[in-house]
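Below: entry11.json (JSON, C-alpha atoms)
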[["chain", "number", "residue", "atom", "x", "y", "z"],
["A", 19, "MET", "CA", -5.16, 5.11, -18.24],
["A", 20, "GLU", "CA", -1.99, 6.86, -17.11],
["A", 21, "CYS", "CA", -2.06, 5.63, -13.49],
["A", 22, "ILE", "CA", 1.33, 4.16, -12.59],
["A", 23, "PHE", "CA", -0.17, 1.90, -9.92],
["A", 24, "CYS", "CA", -2.72, 0.52, -12.37],
["A", 25, "LYS", "CA", 0.17, -0.27, -14.70],
["A", 26, "ILE", "CA", 2.03, -2.02, -11.87],
["A", 27, "ALA", "CA", -1.12, -3.95, -10.92],
["A", 28, "ASN", "CA", -1.59, -5.02, -14.56],
["A", 29, "GLY", "CA", 2.05, -6.05, -14.94],
["A", 30, "GLU", "CA", 2.79, -3.34, -17.52],
["A", 31, "ILE", "CA", 5.48, -1.87, -15.25],
["A", 32, "LYS", "CA", 7.84, -4.16, -13.37],
["A", 33, "SER", "CA", 8.11, -3.80, -9.63],
["A", 34, "ASP", "CA", 9.55, -5.80, -6.78],
["A", 35, "VAL", "CA", 6.33, -7.64, -5.89],
["A", 36, "VAL", "CA", 6.27, -9.46, -2.56],
["A", 37, "PHE", "CA", 2.62, -10.60, -2.79],
["A", 38, "LYS", "CA", -0.08, -10.65, -5.44],
["A", 39, "ASP", "CA", -3.50, -12.20, -5.74],
["A", 40, "GLU", "CA", -6.57, -11.52, -7.86],
["A", 41, "LYS", "CA", -7.44, -8.37, -5.87],
["A", 42, "ILE", "CA", -4.26, -6.71, -4.60],
["A", 43, "VAL", "CA", -0.52, -6.26, -5.11],
["A", 44, "ILE", "CA", 2.07, -5.58, -2.40],
["A", 45, "PHE", "CA", 5.45, -4.36, -3.62],
["A", 46, "LYS", "CA", 8.59, -2.62, -2.39],
["A", 47, "ASP", "CA", 8.59, 1.18, -2.44],
["A", 48, "LEU", "CA", 11.20, 2.66, -4.78],
["A", 49, "ASN", "CA", 12.03, 5.42, -2.27],
["A", 50, "PRO", "CA", 11.95, 3.65, 1.10],
["A", 51, "GLU", "CA", 11.48, 5.68, 4.28],
["A", 52, "ALA", "CA", 12.24, 2.68, 6.52],
["A", 53, "PRO", "CA", 14.21, -0.57, 6.20],
["A", 54, "THR", "CA", 10.94, -2.25, 5.22],
["A", 55, "HIS", "CA", 8.73, 0.03, 3.13],
["A", 56, "LEU", "CA", 6.06, -1.66, 1.07],
["A", 57, "LEU", "CA", 3.02, -0.41, -0.80],
["A", 58, "ALA", "CA", -0.26, -2.33, -0.84],
["A", 59, "ILE", "CA", -2.65, -1.42, -3.64],
["A", 60, "PRO", "CA", -5.96, -2.73, -4.93],
["A", 61, "LYS", "CA", -5.86, -3.83, -8.56],
["A", 62, "GLU", "CA", -9.10, -1.93, -9.07],
["A", 63, "HIS", "CA", -8.51, 1.79, -9.51],
["A", 64, "ILE", "CA", -9.81, 3.69, -6.49],
["A", 65, "GLU", "CA", -8.50, 7.24, -6.39],
["A", 66, "SER", "CA", -8.02, 7.59, -2.60],
["A", 67, "ALA", "CA", -9.46, 6.78, 0.80],
["A", 68, "GLU", "CA", -11.94, 9.54, 0.10],
["A", 69, "LYS", "CA", -13.45, 7.36, -2.65],
["A", 70, "ILE", "CA", -14.06, 4.26, -0.49],
["A", 71, "THR", "CA", -17.74, 3.30, -0.54],
["A", 72, "SER", "CA", -19.91, 0.46, 0.67],
["A", 73, "ILE", "CA", -19.47, -1.06, -2.79],
["A", 74, "ASN", "CA", -15.64, -1.12, -2.82],
["A", 75, "SER", "CA", -14.73, -1.11, 0.89],
["A", 76, "ALA", "CA", -14.17, -4.88, 1.10],
["A", 77, "ILE", "CA", -10.84, -4.37, -0.67],
["A", 78, "VAL", "CA", -9.54, -2.40, 2.32],
["A", 79, "ALA", "CA", -10.42, -5.26, 4.64],
["A", 80, "HIS", "CA", -8.71, -7.68, 2.26],
["A", 81, "ILE", "CA", -5.52, -5.59, 2.25],
["A", 82, "PHE", "CA", -5.39, -5.44, 6.05],
["A", 83, "GLU", "CA", -6.15, -9.16, 6.35],
["A", 84, "LYS", "CA", -3.26, -9.97, 3.98],
["A", 85, "ILE", "CA", -0.86, -7.67, 5.84],
["A", 86, "SER", "CA", -1.71, -9.47, 9.09],
["A", 87, "GLU", "CA", -1.51, -12.90, 7.47],
["A", 88, "LEU", "CA", 1.85, -12.17, 5.81],
["A", 89, "LYS", "CA", 3.48, -10.17, 8.62],
["A", 90, "ASN", "CA", 6.24, -12.74, 9.16],
["A", 91, "ASP", "CA", 6.97, -13.12, 5.45],
["A", 92, "LEU", "CA", 7.01, -9.32, 5.12],
["A", 93, "LYS", "CA", 9.42, -8.98, 8.09],
["A", 94, "LEU", "CA", 6.98, -7.01, 10.23],
["A", 95, "GLN", "CA", 7.41, -9.00, 13.45],
["A", 96, "GLU", "CA", 8.87, -6.10, 15.47],
["A", 97, "GLY", "CA", 5.89, -3.86, 14.77],
["A", 98, "PHE", "CA", 4.77, -1.85, 11.79],
["A", 99, "ARG", "CA", 2.77, 1.15, 10.66],
["A", 100, "VAL", "CA", 0.19, 1.26, 7.88],
["A", 101, "VAL", "CA", -0.50, 4.71, 6.43],
["A", 102, "THR", "CA", -2.55, 6.14, 3.59],
["A", 103, "ASN", "CA", -2.43, 9.73, 2.45],
["A", 104, "CYS", "CA", -5.58, 11.33, 1.09],
["A", 105, "GLY", "CA", -5.13, 14.36, -1.14],
["A", 106, "GLU", "CA", -2.13, 16.45, -2.12],
["A", 107, "ALA", "CA", -2.05, 18.42, 1.15],
["A", 108, "ALA", "CA", -1.65, 15.11, 3.01],
["A", 109, "GLY", "CA", 1.17, 13.97, 0.73],
["A", 110, "GLN", "CA", -0.69, 11.76, -1.75],
["A", 111, "THR", "CA", 1.40, 11.85, -4.93],
["A", 112, "VAL", "CA", -0.23, 8.95, -6.82],
["A", 113, "LYS", "CA", -4.00, 9.15, -7.19],
["A", 114, "HIS", "CA", -4.61, 5.45, -6.62],
["A", 115, "LEU", "CA", -5.50, 4.15, -3.16],
["A", 116, "HIS", "CA", -2.37, 2.75, -1.56],
["A", 117, "PHE", "CA", -1.16, 1.87, 1.90],
["A", 118, "HIS", "CA", 2.43, 2.39, 2.99],
["A", 119, "ILE", "CA", 3.64, -0.45, 5.23],
["A", 120, "LEU", "CA", 6.65, 0.71, 7.26],
["A", 121, "SER", "CA", 8.80, -1.32, 9.63],
["A", 122, "GLY", "CA", 12.36, -2.06, 10.66],
["A", 123, "ARG", "CA", 13.08, 1.08, 12.70],
["A", 124, "LYS", "CA", 11.49, 3.13, 15.45],
["A", 125, "LEU", "CA", 8.69, 5.14, 13.90],
["A", 126, "ASP", "CA", 8.25, 8.46, 15.65],
["A", 127, "TRP", "CA", 4.92, 10.11, 16.41],
["A", 128, "PRO", "CA", 3.57, 12.42, 15.25],
["A", 129, "PRO", "CA", 4.68, 11.70, 11.71],
["A", 130, "GLY", "CA", 6.08, 14.38, 9.37]]
For the structure just supplied, provide its representation as C-alpha cells.
Amino acid sequence: MECIFCKIANGEIKSDVVFKDEKIVIFKDLNPEAPTHLLAIPKEHIESAEKITSINSAIVAHIFEKISELKNDLKLQEGFRVVTNCGEAAGQTVKHLHFHILSGRKLDWPPG
C-alpha cells in the first residue's frame, strides 16, 4: 500500500510520535499551522470520515478519548481544535482518516 499514514502507523516512515498504542498514532505535523499541530490517525486504514461505519466507528471515539486524556501532555490546556477534512474539495490531501489537533494560538472562525 502506498498510503503514507499507513507507513507511519507501521513504523516504516519515521515521525515525531507523541503517543502510540495498539489502535492509533498521534504525531507532530510536518507543516504546522499552529504552535501545537498534531495529527491523530487510526492504524487501520480508513480512507476518510465518509468511510466511518458502525463497524469501525469505535476508533473515532478512541481517538477523542485519548486526546482528552492526554490534553496536558499534548500542551492543549489553553483550548484546542480538532478538525478532519473529507475529500479534496475540503482540503484532504492524504486519503487516510486523520484528525488535526491545533492549539497554542487564537484559532479564528470560520476557518480558511
- Item | Between CA of Ala27 in chain A and CA of Pro53 in chain A, distance in Å (one decimal) | 23.2 Å
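Straight-line separation from CA of Ala79 in chain A to CA of Pro128 in chain A: 24.9 Å.
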- Using all atoms listed in the file, which of A:Lys93, A:His114, A:Lys32, A:Arg99 sits nearest Glu62 in chain A?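 The answer is A:His114, which sits nearest to Glu62 in chain A.
In this structure, CA of Leu125 in chain A sits 27.6 Å away from CA of Ile26 in chain A.
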- Message: For a cutoff of 10 Å around the file-coordinate point (-3.8, 3.9, -13.2), which residues qualify once you count all atoms listed in the file? I'd like the result as a ChimeraX atom specification.
- Response: /A:19-28,61-65,112-114
- Task: Would you please work out which residue, of A:Ile119, A:Val36, A:Ala76, A:Val101, is nearest to Leu57 in chain A when using only C-alpha atoms?
- Result: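 Under the stated criterion, the closest residue is A:Ile119.
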- Between A:Ser86, A:Asn74, A:Ser121, A:Ser66, smallest distance to Gly105 in chain A by all atoms listed in the file belongs to A:Ser66
- Item | Spatial neighbours of Cys104 in chain A, max dist 7 Å, all atoms listed in the file, sep filter under 6 positions, as a ChimeraX atom specification | /A:66-68,110
- Message: Give me the residues near Pro50 in chain A as a list of chain:residue names, where near means some atom within 12 Å (using only C-alpha atoms) and where sequence neighbours in that chain fewer than 3 positions away do not count.
- Response: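 Skipping anything fewer than 3 positions along the chain leaves A:Phe45, A:Lys46, A:Asp47, A:Pro53, A:Thr54, A:His55, A:Leu56, A:Leu57, A:His118, A:Ile119, A:Leu120, A:Ser121, A:Gly122, A:Arg123.
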- Skip His116 in chain A itself and residues of its chain fewer than 6 positions away, then list as number ranges by chain all residues within 7 Å of it, counting all atoms listed in the file. A: 57-59, 102
- Message: Just checking: using all atoms listed in the file, which residue out of A:Ser75, A:Phe82, A:Leu115, A:Lys69 ends up closest to Val100 in chain A?
- Response: A:Phe82
- In terms of only C-alpha atoms, the residue from A:Pro60, A:Ile77, A:Asp91, A:Lys124 at minimal distance from Ile44 in chain A is A:Pro60
